[in-house]
Amino acid sequence: MQFWNKTIETMPRKEIEQLQLRLLKELVTRIYEKSHYYHTLMKEVGVHPSDIISLEDIVKLPTMNKTDLRDNYPDRLIIADPEDIIRYHVSSGTTGKPTVVGYTKNDIENWSESLARSFTSFGLGKRDVIQVSNGYGLFSGGLGMHYGAEKLGAAVVPASTGGTKRQIELIKDLKVTSIACTPSYLLHMAEVAESMGVDFRNDTRLGSAILGAEPWSENTRRHIEDWMGIKAQNCYGASELSGPLFTECNEQDGVHVWGDLCLVEVIDPKTGEHVGEGERGELVFTMLRREALPIIRYRIGDISEITWERCACGRTHPRLQRVAGRVDDMIIIRGINVFPSQVEHVLGEIEEVTQHYMILVDSDGALDKMTVQVELDPEAFTDNILTLRAIRSKVAGALKDTLNVRVDVELMEPGSLPRFEEKAKRVLDRRVRM
Amino acid sequence: MPKRHVIKQLSIFVNNEPGRLAKIARIMKEEGIDIYAFNIAEASGFGVFRAIVRDPDIAFQKLKDRDLVVKETEVIAIPMEDRPGGLFEAAAVLGEVGINIEYGYAYSGKEGAIFFIRVNDTESAINTLLNHGIRLLKEGDL
Ligand SMILES: [Zn+2]
């Protein structure tokens with residue numbers, strides 16, 4: 001097993017937490033002194049840097065979210081001196097003002113360090129040729145991957161997006177061993193390659209893909225791995241956190257979140273209180289070493305869970321499970337949190353139905369009633385009603401097992417449910433609000 | 001020999017919602033498909049529309065091209081006018097040899113009533129019925 005920085009990556013939990021506390025104290029002192037915004041905010045909630053005595057004291061600090069970044073457009077939250085800023089990335093929000101993230105030299109250095117560790121953890125190194133097919137430019141994906149791969153000492157092919165046929169030629173000719181892009185682009189690429197008569201298994205040296213920037217599932221991973229004969233590694237990040245930051249190791253058992261760079265909390269989205277270890281909740285990030293733009297208790301809106309259990313690879317830092325959904329997408333059925341992504345996952349496991357579905361939520365007296373409509377796979381159609389009923393029961397049973405909520409299932413004719421080009425709206429909440 | 005007595009039926013998967021039947025009927029009409037008989041089996045949320053049509057193979061392809069989920073299934077046609085109690089007799093004969101009738105439906109044809117049945121073993125059912133002197137119709141008789 002290769003490590004990029006073995007001492008840090010295998011540090012005992014206690015030592016990681018001691019380091020986190022020291023960095024947190026420094027960070028809070030820094031923002032209290034340098035940021036007008038944070039100084040005012042901390043005074044308002046009545047917290048002083050000297051109140052941070054243990055790691056648990058982090059809850060005394062206010063949380064922040066995307067709105068705070070937007071409201072302080074373009075650079076009111078940036079605390080570094082202008083001469084120390086060496087780069088900006090800007091994310092175009094779908095609504096309202098964009099968010100601007102500034103970076104100092106050290107910010108870029110820590111970002112690259114994080115990715116270099118992650119790339120090493122699934123076997124990449126100096127000999128590798130990494131094609132970066134994430135967008136370059138204001139979006140942080142392309143350049144982030146680029147700097148990470150360069151830090152690693154690999155050869156970078158800065159392909160950016162588009163020109164799929166040319167990208168495939170490059171993978172072949174430059175003997176590319178790993179590619180960074182979105183899962184949907186990789187699938188598109190695999191289709192185009194097939195039409196060109198290029199077989200990824202035999203005609204290229206591609207061994208892995210670093211996939212992120214959009215939600216994807218375990219089913220998609222298996223599909224990609226079986227089809228292309230590569231390892232598909234999940235990557236986590238966000239522009240506010242720098243960009244793509246962490247990936248899974250070879251074990252593919254959660255994303256390693258480097259505790260010396262980043263402190264992650266998991267909270268109940270309703271109460272804001274910490275949930276137990278291994279329990280699902282909203283992720284809250286504090287970037288411990290950020291210099292230009294402080295990110296403190298940032299509510300990113302993703303729902304997942306973390307574990308500190310030591311990974312089979314030997315790394316000791318907390319591991320983040322695949323994102324189960326967005327806080328905005330969460331539906332509460334009879335007091336239980338349900339995410340469309342969970343429904344999608346269950347449906348993906350059942351051959352007789354497709355991935356086209358809708359979730360309907362209605363009031364049934366005082367209770368909530370959840371219905372999942374899913375299109376039948378044409379191959380599974382039979383004239384026998386009993387067989388069709390059995391398929392419906394199978395889907396309902398599998399959903400109940402995963403969601404812990406009773407679900408009515410309706411099998412639908414293929415093509416009869418809405419198709420979504422971009423952001424899918426698969427939940428129709430028709431409950432009567434009192 | 002028994003193959004000649006197999007009647008091809010089209011089974012179509014439909015959503016159980018208003019307007020579905022009208023849509024199927026419209027498509028059939030647009031494609032110039034003559035329906036002799038049909039039946040709808042419903043379960044909550046979905047249904048199966050079953051139809052006996054002229055030139056079933058051609059109709060099958062046309063419906064498939066219209067993106068309907070359609071399958072060809074085999075049924076048996078028993079004319080009803082020959083003998084009173086003929087249907088009961090047929091059912092009893094099949095029951096004796098352990099053949100299960102999954103469903104059946106009637107149709108008033110040009111030469112009188114016809115009963116279509118779907119069984120779990122079409123070929124054995126045809127042999128059994130013919131051996132017991134029960135007359136069966138062929139596709140051309142409809
Ligand atoms: Zn690991």
# chains A, B, ... in the order shown; residues from 1 in each chain; ligands from 1

call {"tool": "residues_around", "arguments": {"residues": "Ile295 in chain A", "least_positions_apart": "4", "cutoff": "8 Å", "atoms": "only C-alpha atoms", "output": "short mmCIF file (atom, residue, chain, number, x, y, z; two decimals) with C-alpha atoms, in the first residue's frame"}}
result
data_model
loop_
_atom_site.label_atom_id
_atom_site.label_comp_id
_atom_site.auth_asym_id
_atom_site.auth_seq_id
_atom_site.Cartn_x
_atom_site.Cartn_y
_atom_site.Cartn_z
CA GLU A 240 -16.74 26.54 -1.50
CA LEU A 241 -14.37 23.95 -0.02
CA PHE A 285 -17.43 21.64 6.93
CA THR A 286 -14.73 23.72 8.54
CA MET A 287 -11.63 24.23 6.42
CA ARG A 290 -7.90 28.14 4.71
#

call {"tool": "residues_around", "arguments": {"residues": "Ile134 in chain B", "least_positions_apart": "6", "cutoff": "10 Å", "atoms": "only C-alpha atoms", "output": "PyMOL selection string"}}
result
chain B and resi 78-79+82-83+86-87+89-90+93+126-128

call {"tool": "residues_near_ligand", "arguments": {"ligand": "ligand 1", "cutoff": "6 Å", "atoms": "only C-alpha atoms and all ligand atoms", "output": "list in words"}}
result
Cys249, Glu251, Cys311, Ala312, Cys313 and Arg315 of chain A

call {"tool": "write_last_selection", "arguments": {"atoms": "N, CA and C atoms", "output": "PDB file, in the first residue's frame"}}
result
ATOM      1  N   CYS A 249     -10.181   5.421  -1.402  1.00  0.00           N
ATOM      2  CA  CYS A 249      -8.956   4.660  -1.639  1.00  0.00           C
ATOM      3  C   CYS A 249      -9.339   3.410  -2.436  1.00  0.00           C
ATOM      4  N   GLU A 251     -10.081   0.598  -1.454  1.00  0.00           N
ATOM      5  CA  GLU A 251     -11.144  -0.188  -0.823  1.00  0.00           C
ATOM      6  C   GLU A 251     -12.532   0.257  -1.280  1.00  0.00           C
ATOM      7  N   CYS A 311      -9.834   2.407   8.208  1.00  0.00           N
ATOM      8  CA  CYS A 311     -10.073   1.776   6.904  1.00  0.00           C
ATOM      9  C   CYS A 311      -9.130   0.587   6.728  1.00  0.00           C
ATOM     10  N   ALA A 312      -9.562  -0.374   5.922  1.00  0.00           N
ATOM     11  CA  ALA A 312      -8.733  -1.553   5.660  1.00  0.00           C
ATOM     12  C   ALA A 312      -7.392  -1.169   5.034  1.00  0.00           C
ATOM     13  N   CYS A 313      -7.315   0.007   4.431  1.00  0.00           N
ATOM     14  CA  CYS A 313      -6.072   0.456   3.795  1.00  0.00           C
ATOM     15  C   CYS A 313      -5.080   0.978   4.837  1.00  0.00           C
ATOM     16  N   ARG A 315      -5.543   3.806   6.649  1.00  0.00           N
ATOM     17  CA  ARG A 315      -5.715   5.235   6.910  1.00  0.00           C
ATOM     18  C   ARG A 315      -6.694   5.442   8.061  1.00  0.00           C
TER      19      ARG A 315
END

call {"tool": "interface_residues", "arguments": {"of": "chain A", "to": "chain B", "cutoff": "6 Å", "atoms": "only C-alpha atoms", "output": "MDAnalysis selection string"}}
result
chainID A and resid 378 383 410 412:413

call {"tool": "write_last_selection", "arguments": {"atoms": "N, CA, C and O atoms", "output": "PDB file, in the first residue's frame"}}
result
ATOM      1  N   PRO A 378     -39.823  -3.209 -20.354  1.00  0.00           N
ATOM      2  CA  PRO A 378     -40.609  -3.943 -21.365  1.00  0.00           C
ATOM      3  C   PRO A 378     -40.307  -5.446 -21.391  1.00  0.00           C
ATOM      4  O   PRO A 378     -41.191  -6.260 -21.629  1.00  0.00           O
ATOM      5  N   ASP A 383     -48.235 -11.449 -19.848  1.00  0.00           N
ATOM      6  CA  ASP A 383     -49.693 -11.416 -19.880  1.00  0.00           C
ATOM      7  C   ASP A 383     -50.257 -11.837 -18.526  1.00  0.00           C
ATOM      8  O   ASP A 383     -51.424 -11.640 -18.237  1.00  0.00           O
ATOM      9  N   GLU A 410     -46.841   1.726  -7.996  1.00  0.00           N
ATOM     10  CA  GLU A 410     -47.620   1.591  -9.227  1.00  0.00           C
ATOM     11  C   GLU A 410     -46.672   1.303 -10.379  1.00  0.00           C
ATOM     12  O   GLU A 410     -45.734   2.061 -10.620  1.00  0.00           O
ATOM     13  N   MET A 412     -45.806   1.372 -14.123  1.00  0.00           N
ATOM     14  CA  MET A 412     -46.245   2.257 -15.194  1.00  0.00           C
ATOM     15  C   MET A 412     -45.743   1.775 -16.548  1.00  0.00           C
ATOM     16  O   MET A 412     -44.704   1.126 -16.648  1.00  0.00           O
ATOM     17  N   GLU A 413     -46.492   2.187 -17.557  1.00  0.00           N
ATOM     18  CA  GLU A 413     -46.121   1.868 -18.928  1.00  0.00           C
ATOM     19  C   GLU A 413     -44.823   2.607 -19.277  1.00  0.00           C
ATOM     20  O   GLU A 413     -44.688   3.785 -18.956  1.00  0.00           O
TER      21      GLU A 413
END

call {"tool": "atom_distance", "arguments": {"atom1": "CA of Asp34 in chain B", "atom2": "CA of Leu142 in chain B"}}
result
11.6 Å

call {"tool": "residues_around", "arguments": {"residues": "Ile230 in chain A", "least_positions_apart": "5", "cutoff": "10 Å", "atoms": "only C-alpha atoms", "output": "number ranges by chain"}}
result
A: 177-178, 200-201, 205-209, 221-222, 224-225

call {"tool": "atom_distance", "arguments": {"atom1": "CA of His48 in chain A", "atom2": "CA of His274 in chain A"}}
result
21.5 Å

call {"tool": "closest_residue", "arguments": {"among": "B:Tyr107, B:Gly98, B:Ala113, B:Asp121", "to": "Ala51 in chain B", "atoms": "only C-alpha atoms"}}
result
B:Tyr107

call {"tool": "residues_around", "arguments": {"residues": "Ala25 in chain B", "least_positions_apart": "2", "cutoff": "12 Å", "atoms": "only C-alpha atoms", "output": "ChimeraX atom specification"}}
result
/B:12,19-23,27-35,38,49-51,63

call {"tool": "write_last_selection", "arguments": {"atoms": "N, CA and C atoms", "output": "mmCIF file, in the first residue's frame"}}
result
data_model
loop_
_atom_site.group_PDB
_atom_site.id
_atom_site.type_symbol
_atom_site.label_atom_id
_atom_site.label_comp_id
_atom_site.auth_asym_id
_atom_site.auth_seq_id
_atom_site.Cartn_x
_atom_site.Cartn_y
_atom_site.Cartn_z
ATOM 1 N N ILE B 12 -51.268 -6.082 -24.066
ATOM 2 C CA ILE B 12 -50.634 -4.755 -23.997
ATOM 3 C C ILE B 12 -50.667 -4.249 -22.561
ATOM 4 N N GLY B 19 -58.420 7.556 -19.922
ATOM 5 C CA GLY B 19 -57.893 7.905 -21.235
ATOM 6 C C GLY B 19 -56.964 6.871 -21.844
ATOM 7 N N ARG B 20 -56.538 5.895 -21.026
ATOM 8 C CA ARG B 20 -55.609 4.903 -21.566
ATOM 9 C C ARG B 20 -56.265 4.060 -22.648
ATOM 10 N N LEU B 21 -57.499 3.638 -22.352
ATOM 11 C CA LEU B 21 -58.204 2.772 -23.291
ATOM 12 C C LEU B 21 -58.454 3.517 -24.601
ATOM 13 N N ALA B 22 -58.835 4.785 -24.451
ATOM 14 C CA ALA B 22 -59.086 5.617 -25.635
ATOM 15 C C ALA B 22 -57.823 5.724 -26.482
ATOM 16 N N LYS B 23 -56.680 5.829 -25.800
ATOM 17 C CA LYS B 23 -55.419 5.967 -26.531
ATOM 18 C C LYS B 23 -55.120 4.695 -27.336
ATOM 19 N N ILE B 27 -54.867 4.345 -31.397
ATOM 20 C CA ILE B 27 -53.698 3.799 -32.102
ATOM 21 C C ILE B 27 -54.112 2.645 -33.010
ATOM 22 N N MET B 28 -54.967 1.761 -32.489
ATOM 23 C CA MET B 28 -55.442 0.614 -33.276
ATOM 24 C C MET B 28 -56.123 1.110 -34.554
ATOM 25 N N LYS B 29 -56.919 2.159 -34.361
ATOM 26 C CA LYS B 29 -57.669 2.700 -35.495
ATOM 27 C C LYS B 29 -56.703 3.322 -36.513
ATOM 28 N N GLU B 30 -55.775 4.126 -36.002
ATOM 29 C CA GLU B 30 -54.803 4.777 -36.888
ATOM 30 C C GLU B 30 -53.992 3.767 -37.678
ATOM 31 N N GLU B 31 -53.717 2.628 -37.041
ATOM 32 C CA GLU B 31 -52.897 1.609 -37.710
ATOM 33 C C GLU B 31 -53.752 0.652 -38.545
ATOM 34 N N GLY B 32 -55.051 0.888 -38.567
ATOM 35 C CA GLY B 32 -55.943 0.036 -39.352
ATOM 36 C C GLY B 32 -56.037 -1.397 -38.833
ATOM 37 N N ILE B 33 -55.979 -1.542 -37.500
ATOM 38 C CA ILE B 33 -56.061 -2.880 -36.906
ATOM 39 C C ILE B 33 -57.524 -3.194 -36.554
ATOM 40 N N ASP B 34 -58.025 -4.321 -37.096
ATOM 41 C CA ASP B 34 -59.398 -4.759 -36.802
ATOM 42 C C ASP B 34 -59.428 -5.571 -35.526
ATOM 43 N N ILE B 35 -60.201 -5.110 -34.559
ATOM 44 C CA ILE B 35 -60.298 -5.872 -33.299
ATOM 45 C C ILE B 35 -61.547 -6.750 -33.349
ATOM 46 N N PHE B 38 -61.940 -8.036 -27.227
ATOM 47 C CA PHE B 38 -60.918 -7.604 -26.271
ATOM 48 C C PHE B 38 -61.410 -7.756 -24.847
ATOM 49 N N PHE B 49 -54.351 -5.030 -21.394
ATOM 50 C CA PHE B 49 -55.369 -4.993 -22.436
ATOM 51 C C PHE B 49 -55.089 -6.157 -23.362
ATOM 52 N N ARG B 50 -56.101 -7.032 -23.548
ATOM 53 C CA ARG B 50 -55.897 -8.211 -24.394
ATOM 54 C C ARG B 50 -56.840 -8.127 -25.581
ATOM 55 N N ALA B 51 -56.303 -8.392 -26.746
ATOM 56 C CA ALA B 51 -57.139 -8.253 -27.934
ATOM 57 C C ALA B 51 -56.882 -9.364 -28.946
ATOM 58 N N LEU B 63 -47.882 -2.123 -33.447
ATOM 59 C CA LEU B 63 -48.035 -1.599 -32.081
ATOM 60 C C LEU B 63 -46.673 -1.416 -31.413
#

call {"tool": "residues_around", "arguments": {"residues": "Ile130 in chain A", "least_positions_apart": "3", "cutoff": "10 Å", "atoms": "only C-alpha atoms", "output": "short mmCIF file (atom, residue, chain, number, x, y, z; two decimals) with N, CA, C and O atoms, in the first residue's frame"}}
result
data_model
loop_
_atom_site.label_atom_id
_atom_site.label_comp_id
_atom_site.auth_asym_id
_atom_site.auth_seq_id
_atom_site.Cartn_x
_atom_site.Cartn_y
_atom_site.Cartn_z
N LEU A 124 -2.50 5.66 -7.93
CA LEU A 124 -1.87 6.50 -8.94
C LEU A 124 -0.52 7.01 -8.43
O LEU A 124 -0.29 7.10 -7.23
N GLY A 125 0.36 7.34 -9.37
CA GLY A 125 1.68 7.84 -9.00
C GLY A 125 2.34 8.54 -10.17
O GLY A 125 1.69 8.88 -11.16
N ARG A 127 4.17 7.60 -12.52
CA ARG A 127 4.18 6.99 -13.86
C ARG A 127 2.85 7.17 -14.59
O ARG A 127 2.74 6.82 -15.77
N SER A 133 -10.65 15.82 -17.67
CA SER A 133 -11.75 16.19 -18.56
C SER A 133 -12.85 16.92 -17.79
O SER A 133 -14.00 16.90 -18.20
N MET A 145 -8.09 19.44 -10.22
CA MET A 145 -7.57 18.12 -10.57
C MET A 145 -6.17 18.25 -11.18
O MET A 145 -5.27 17.46 -10.92
N HIS A 146 -6.02 19.26 -12.00
CA HIS A 146 -4.75 19.50 -12.69
C HIS A 146 -3.61 19.68 -11.68
O HIS A 146 -2.57 19.02 -11.76
N ALA A 149 -2.88 16.46 -9.74
CA ALA A 149 -2.16 15.47 -10.54
C ALA A 149 -0.70 15.88 -10.75
O ALA A 149 0.21 15.05 -10.72
N GLU A 150 -0.49 17.18 -10.92
CA GLU A 150 0.89 17.67 -11.08
C GLU A 150 1.70 17.49 -9.80
O GLU A 150 2.86 17.10 -9.82
N ALA A 154 2.40 13.07 -11.76
CA ALA A 154 1.89 12.39 -12.95
C ALA A 154 1.96 13.34 -14.15
O ALA A 154 2.16 14.53 -13.98
N ALA A 155 1.79 12.76 -15.34
CA ALA A 155 1.68 13.61 -16.53
C ALA A 155 0.22 13.99 -16.71
O ALA A 155 -0.65 13.13 -16.63
N VAL A 156 -0.03 15.27 -16.92
CA VAL A 156 -1.41 15.72 -17.04
C VAL A 156 -1.76 15.99 -18.49
O VAL A 156 -1.00 16.63 -19.21
N VAL A 157 -2.93 15.49 -18.91
CA VAL A 157 -3.47 15.85 -20.21
C VAL A 157 -4.67 16.77 -19.94
O VAL A 157 -5.74 16.30 -19.56
N PRO A 158 -4.48 18.07 -20.09
CA PRO A 158 -5.55 19.01 -19.71
C PRO A 158 -6.62 19.13 -20.79
O PRO A 158 -6.74 20.14 -21.45
N ALA A 159 -7.40 18.08 -20.95
CA ALA A 159 -8.34 18.00 -22.07
C ALA A 159 -9.55 18.91 -21.91
O ALA A 159 -10.17 19.29 -22.88
N ILE A 171 -6.69 9.47 -25.19
CA ILE A 171 -6.59 8.40 -24.19
C ILE A 171 -5.79 7.23 -24.78
O ILE A 171 -4.93 6.64 -24.13
N LEU A 174 -1.88 8.79 -26.00
CA LEU A 174 -0.98 9.23 -24.92
C LEU A 174 -0.93 8.22 -23.77
O LEU A 174 -0.38 8.48 -22.73
N LYS A 175 -1.56 7.07 -23.99
CA LYS A 175 -1.57 5.99 -23.01
C LYS A 175 -2.03 6.49 -21.63
O LYS A 175 -1.38 6.28 -20.60
N VAL A 176 -3.16 7.16 -21.68
CA VAL A 176 -3.75 7.70 -20.45
C VAL A 176 -4.16 6.56 -19.53
O VAL A 176 -4.74 5.57 -19.98
N THR A 177 -3.82 6.67 -18.24
CA THR A 177 -4.14 5.60 -17.29
C THR A 177 -5.30 5.94 -16.37
O THR A 177 -5.88 5.07 -15.74
N SER A 178 -5.62 7.25 -16.27
CA SER A 178 -6.72 7.62 -15.39
C SER A 178 -7.37 8.89 -15.94
O SER A 178 -6.69 9.72 -16.55
N ILE A 179 -8.67 9.00 -15.73
CA ILE A 179 -9.38 10.17 -16.25
C ILE A 179 -10.24 10.78 -15.16
O ILE A 179 -10.86 10.06 -14.37
N ALA A 180 -10.24 12.11 -15.08
CA ALA A 180 -11.10 12.80 -14.13
C ALA A 180 -12.21 13.50 -14.91
O ALA A 180 -11.94 14.24 -15.84
N LEU A 206 -6.40 2.69 -19.88
CA LEU A 206 -7.18 3.32 -18.83
C LEU A 206 -7.47 2.32 -17.71
O LEU A 206 -7.97 1.22 -17.96
N SER A 208 -8.43 3.66 -14.31
CA SER A 208 -9.33 4.21 -13.30
C SER A 208 -9.94 5.53 -13.78
O SER A 208 -9.47 6.13 -14.73
N ALA A 209 -11.01 5.91 -13.09
CA ALA A 209 -11.64 7.20 -13.36
C ALA A 209 -11.94 7.85 -12.01
O ALA A 209 -12.26 7.18 -11.05
N ILE A 210 -11.77 9.18 -11.98
CA ILE A 210 -12.03 9.94 -10.76
C ILE A 210 -13.29 10.74 -11.03
O ILE A 210 -13.29 11.67 -11.82
#

call {"tool": "select_by_dssp", "arguments": {"residues": "range 340-397 of chain A", "states": "strand (DSSP E)", "output": "short mmCIF file (atom, residue, chain, number, x, y, z; two decimals) with C-alpha atoms, in the first residue's frame"}}
result
data_model
loop_
_atom_site.label_atom_id
_atom_site.label_comp_id
_atom_site.auth_asym_id
_atom_site.auth_seq_id
_atom_site.Cartn_x
_atom_site.Cartn_y
_atom_site.Cartn_z
CA VAL A 353 -38.29 -2.01 -13.51
CA THR A 354 -36.44 0.95 -15.02
CA GLN A 355 -34.86 4.03 -13.41
CA HIS A 356 -37.75 6.28 -14.46
CA TYR A 357 -39.84 7.02 -11.40
CA MET A 358 -41.93 9.58 -9.56
CA ILE A 359 -42.63 9.94 -5.86
CA LEU A 360 -46.11 11.11 -4.90
CA VAL A 361 -46.86 12.19 -1.35
CA ASP A 362 -50.46 12.59 -0.25
CA SER A 363 -52.40 13.07 2.95
CA ASP A 364 -54.28 9.99 4.03
CA LEU A 367 -51.08 10.36 7.98
CA ASP A 368 -48.76 10.69 5.01
CA LYS A 369 -49.07 8.31 2.12
CA MET A 370 -46.14 7.72 -0.22
CA THR A 371 -46.57 6.29 -3.69
CA VAL A 372 -43.75 5.38 -6.04
CA GLN A 373 -44.62 5.15 -9.70
CA VAL A 374 -42.03 3.27 -11.71
CA GLU A 375 -41.91 2.23 -15.33
CA LEU A 376 -41.94 -1.47 -16.03
#

call {"tool": "select_by_dssp", "arguments": {"residues": "chain B", "states": "helix (DSSP H, G or I)", "output": "PyMOL selection string"}}
result
chain B and resi 2-5+20-30+56-65+86-96+122-131+139-141

call {"tool": "atom_distance", "arguments": {"atom1": "CA of His132 in chain B", "atom2": "CA of Ala91 in chain B"}}
result
11.7 Å
